[in-house]
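The structure appears below as structure tokens.
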There are 2 protein chains.
Amino acid sequence: MIPVEIIRKKRDGYKLSKEEISYFINGYVNGEVADYQASAWCMAVFFRGMEKDEILSLVEVVGRSGDVLDLNDFSEPKLDKHSTGGVGDKVSLVLVPLMASCGFLFPKMSGRGLGHSGGTIDKIESIPGFRTALSLDEFKDVLKKVGAVIAGQTANLAPADKKLYALRDVTATVESIPLIVSSILGKKIASGTDVWVFDVKVGKGAFMKEMDSARELARLLVSISKEMGKKAAALITDMNQPLGRKVGNSLEVEEAIETLRGEGPPDLTKVVLSLGARLSSLAGSPISEEDLIKKLLDGSALEKFREIVEAQGGNPEVIDNTNLLEHAPYKFVLEAEKDGVISSLDAERIGMAVVMLGGGRKRKEDEIDRGVGVVLLKKEGDSVEKGEPLAEIFYRSRESLEEALRLVKMAYEIDSFYKKRSLIYEELV
Amino acid sequence: MIPVEIIRKKRDGYKLSKEEISYFINGYVNGEVADYQASAWCMAVFFRGMEKDEILSLVEVVGRSGDVLDLNDFSEPKLDKHSTGGVGDKVSLVLVPLMASCGFLFPKMSGRGLGHSGGTIDKIESIPGFRTALSLDEFKDVLKKVGAVIAGQTANLAPADKKLYALRDVTATVESIPLIVSSILGKKIASGTDVWVFDVKVGKGAFMKEMDSARELARLLVSISKEMGKKAAALITDMNQPLGRKVGNSLEVEEAIETLRGEGPPDLTKVVLSLGARLSSLAGSPISEEDLIKKLLDGSALEKFREIVEAQGGNPEVIDNTNLLEHAPYKFVLEAEKDGVISSLDAERIGMAVVMLGGGRKRKEDEIDRGVGVVLLKKEGDSVEKGEPLAEIFYRSRESLEEALRLVKMAYEIDSFYKKRSLIYEELV
């Protein structure tokens, strides 16, 4: 096979065979296909799209391009969850211990944040001592002992995805549904899990700004997962405003702990319960949202979280005393400039404000400050009076505050009316 | 400016500014823009196209990316001609001396062949001693002395085009009208000439297989040339069957000499005369085709050719004795397998047959055999009887003959009827 002919075929709108996709992607990983050929191919896929069976082939090739985690020692269903990324999205930190407290196995492999959306690994590392870089044996040991584990990538999983993603990022080929699907599902295949729920975010702070594309992505994620013999469902949830009230690494762990205690913000709690109920029924042991709440209120979910923290070397005292988490030294309180109702609270701007404070990454290699962040005292639909506090900004340097403050101010819109939005738009099973 | 944003802008169908195009192309030449970004951009241009003023900007940026030949010592109009490439196309070898014999300046810079289409430089080098690698001073000296010169590229002209073309070749982004136009006109700008005629070939043996795309290319070439203050016109000519009867380097020089003597095949002669008449009127001193024929019949065009050969170190005796050109040792005569009329003679297959004989290049770095080739005794519309010779194949090795013979056989179609085609489809001024 000749790389340029495969590019041409896709460019001209023809369907690629499994052999062609396999040759091209594996060739890219081993250097036989040049990066300038891979980027031209990605752009052709951007314009021409892919049929379902092409995407299926691509997912399998990407998923099996490196190691595939072998969790066959565990015969029970292994839960997994993927969010397309948002602001204030600390769902995994609550969902993983909650489901494990119900007896499910939840081997969660997560990523770091980039741009305005945060990453679970960055957040949980706010707990002093918590180790996310586990060997495969450690990963399995924690899973066996606790029923759950939260770690960064442990092996050479889906190297094709890493290489392709880095390339797409600098060649304007990120926004292609077949490539997005292959990236998400390729990593899932490699993770060795088998019951998957996707939280597809839509809105200002999400990767998908429009409902149509979110729905297309959700449908493909579910149908291709099923074709691969996995149990799968997707929720399309709102990401116009941030989820919960706290944004920033330590702050989000704090809010996750509150939620595990049954005292979390209603939107975050609702998303966790919906995903959890869906996961339980996919796994064949349905638990209602009402029964899941009980696990929050009776302390068993929080207890499971404590076990995870202990098993991974973290200081479990943070659970009772969140002052042990890293905190920024200064706080600024933003006040409302007029009376009214919060008609809009732009998640992307809040996310970027946290990046400006040092709590996120502009580039992959950036170091992050886990202590900074924003607490949203008012969210969409809340009434405010002039002078009333809108948000607290936790910062370390004056310069970073200025830029962040500008963004937080711009994020809030105060008007005379507010049009209520759904939190969960659709569920696809 | 950020390269990925320029790719995204084009990908999303927006118009690029002159500054953006300049930044991106010059950045590609100097390494600031990576090749994987340039290829993704080319693919986006393939799908989105470019508006006329974008193409104009691209042409100027490509044309001025390196040296620009300074021919300002010559105040008279400087003619140039570009063919989009075909089989048996030895027009330049006739047109250049013909126009110079009428007193026009014709500083012709030509390329080598690749794939099924030949190149003027490869052909003229069949003349023993003929030097095509001239320094800029030598180039100007010959032009001053003879009024014409036929050389390969003398300086670092349009390096952006060289880099882009090599990239497009391996990323399936060759077939994009804006990129084709910028490649052709970029080189023309750098060549320092100012009266341009384009021979846009259309048909089986041409780069443009369809009339619509040939017309679009011809229109753009002419209108953008004019916007740059050049005199320009284009002819759309047939390349379903080869031009003339001889294909292969030495053979084509032989046929060019016959044509310069007024004894050439009618199709080749007609294309030369049409292009010449058009060039003369663009240059402000119109000469009719009838008057141009006189220059062929009275020997003055041939005499000018002799002067060029002498000035560039070639052996002028070849003009009177073409046996001095390199010739392959063996000849095979292909005979008709049935009675009928030649309904089709596929130029691409004849071109590939010559490549198989060793007379063309599969890859840029290939050496070529100037002695081999094919003489087409019968062309479209000719009647044949079974057993009558169709073509002569001049070859060096038995293996190469076999492959070439298969292609030449496939190129000929003998039927009971023939639908006449035009030679010159359209002229755009």
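Going by the structure tokens order, chains are called A, B, ..., each with residues numbered from 1, while ligands are numbered from 1 in the order shown.
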Using only C-alpha atoms, determine which residues of chain A fall within 12 Å of chain B; present them as a PyMOL selection string. chain A and resi 2-13+33-48+164+166-176
Those selected residues, please, written with C-alpha atoms and delivered as a PDB file, in the first residue's frame.
```pdb
ATOM      1  CA  ILE A   2       1.129   3.555  -0.718  1.00  0.00           C
ATOM      2  CA  PRO A   3       0.348   6.296   1.840  1.00  0.00           C
ATOM      3  CA  VAL A   4      -0.438   8.984  -0.748  1.00  0.00           C
ATOM      4  CA  GLU A   5      -3.031   6.715  -2.382  1.00  0.00           C
ATOM      5  CA  ILE A   6      -4.823   6.243   0.941  1.00  0.00           C
ATOM      6  CA  ILE A   7      -4.889  10.015   1.450  1.00  0.00           C
ATOM      7  CA  ARG A   8      -6.193  10.501  -2.088  1.00  0.00           C
ATOM      8  CA  LYS A   9      -8.899   7.883  -1.623  1.00  0.00           C
ATOM      9  CA  LYS A  10     -10.242   9.595   1.492  1.00  0.00           C
ATOM     10  CA  ARG A  11      -9.828  13.017  -0.122  1.00  0.00           C
ATOM     11  CA  ASP A  12     -12.007  11.880  -3.000  1.00  0.00           C
ATOM     12  CA  GLY A  13     -14.710  10.621  -0.658  1.00  0.00           C
ATOM     13  CA  VAL A  33       3.901   7.212   7.065  1.00  0.00           C
ATOM     14  CA  ALA A  34       5.245  10.741   7.520  1.00  0.00           C
ATOM     15  CA  ASP A  35       3.617  13.253   9.824  1.00  0.00           C
ATOM     16  CA  TYR A  36       2.900  15.542   6.853  1.00  0.00           C
ATOM     17  CA  GLN A  37       0.984  12.673   5.312  1.00  0.00           C
ATOM     18  CA  ALA A  38      -0.929  11.942   8.512  1.00  0.00           C
ATOM     19  CA  SER A  39      -1.938  15.600   8.858  1.00  0.00           C
ATOM     20  CA  ALA A  40      -3.140  15.801   5.249  1.00  0.00           C
ATOM     21  CA  TRP A  41      -5.130  12.619   5.853  1.00  0.00           C
ATOM     22  CA  CYS A  42      -6.675  14.054   9.037  1.00  0.00           C
ATOM     23  CA  MET A  43      -7.722  17.138   7.082  1.00  0.00           C
ATOM     24  CA  ALA A  44      -9.269  14.934   4.377  1.00  0.00           C
ATOM     25  CA  VAL A  45     -11.160  13.053   7.127  1.00  0.00           C
ATOM     26  CA  PHE A  46     -12.269  16.407   8.540  1.00  0.00           C
ATOM     27  CA  PHE A  47     -13.907  17.263   5.211  1.00  0.00           C
ATOM     28  CA  ARG A  48     -15.097  13.839   4.045  1.00  0.00           C
ATOM     29  CA  LEU A 164      -2.307  11.741  16.297  1.00  0.00           C
ATOM     30  CA  ALA A 166      -0.465  16.060  19.201  1.00  0.00           C
ATOM     31  CA  LEU A 167      -0.490  16.387  15.421  1.00  0.00           C
ATOM     32  CA  ARG A 168      -4.171  17.333  15.199  1.00  0.00           C
ATOM     33  CA  ASP A 169      -3.668  19.997  17.835  1.00  0.00           C
ATOM     34  CA  VAL A 170      -1.231  21.944  15.631  1.00  0.00           C
ATOM     35  CA  THR A 171      -2.884  21.286  12.254  1.00  0.00           C
ATOM     36  CA  ALA A 172      -6.486  22.398  12.944  1.00  0.00           C
ATOM     37  CA  THR A 173      -7.847  18.875  12.659  1.00  0.00           C
ATOM     38  CA  VAL A 174      -9.109  18.408  16.214  1.00  0.00           C
ATOM     39  CA  GLU A 175     -12.756  19.139  15.406  1.00  0.00           C
ATOM     40  CA  SER A 176     -13.566  16.015  13.416  1.00  0.00           C
TER      41      SER A 176
END
```
Mind checking which residues fall within 7 Å of segment 142-144 of chain A, counting only C-alpha atoms, ignoring those fewer than 5 positions away in the same chain, and posting them as number ranges by chain? A: 107, 149, 311
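Here the alpha helix (DSSP H) residues in segment 338-427 of chain B, by DSSP on the backbone, are Ala347, Glu348, Arg349, Ile350, Gly351, Met352, Ala353, Val354, Val355, Met356, Leu357, Arg398, Glu399, Ser400, Leu401, Glu402, Glu403, Ala404, Leu405, Arg406, Leu407, Val408, Lys409, Met410 and Ala411 of chain B.
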Atom CA of Val29 of chain B to atom CA of Leu221 of chain B, distance in Å rounded to a single decimal: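 Between atom CA of Val29 of chain B and atom CA of Leu221 of chain B the gap is 23.9 Å.
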Which residues are near Lys419 of chain B? Cut-off 12 Å, only C-alpha atoms, ignore same chain within fewer than 3 positions. Put them as an MDAnalysis selection string. chainID B and resid 341:344 380:382 415:416 422
For Leu275 of chain A, which residue out of A:Glu227, A:Glu289, A:Glu413, A:Glu385 is the nearest one, using only C-alpha atoms?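 Under the stated criterion, the closest residue is A:Glu289.
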Nearest to Arg370 of chain B, restricted to only C-alpha atoms and choosing among B:Glu60, B:Asp67, B:Glu254, B:Asp161, comes out as B:Glu254
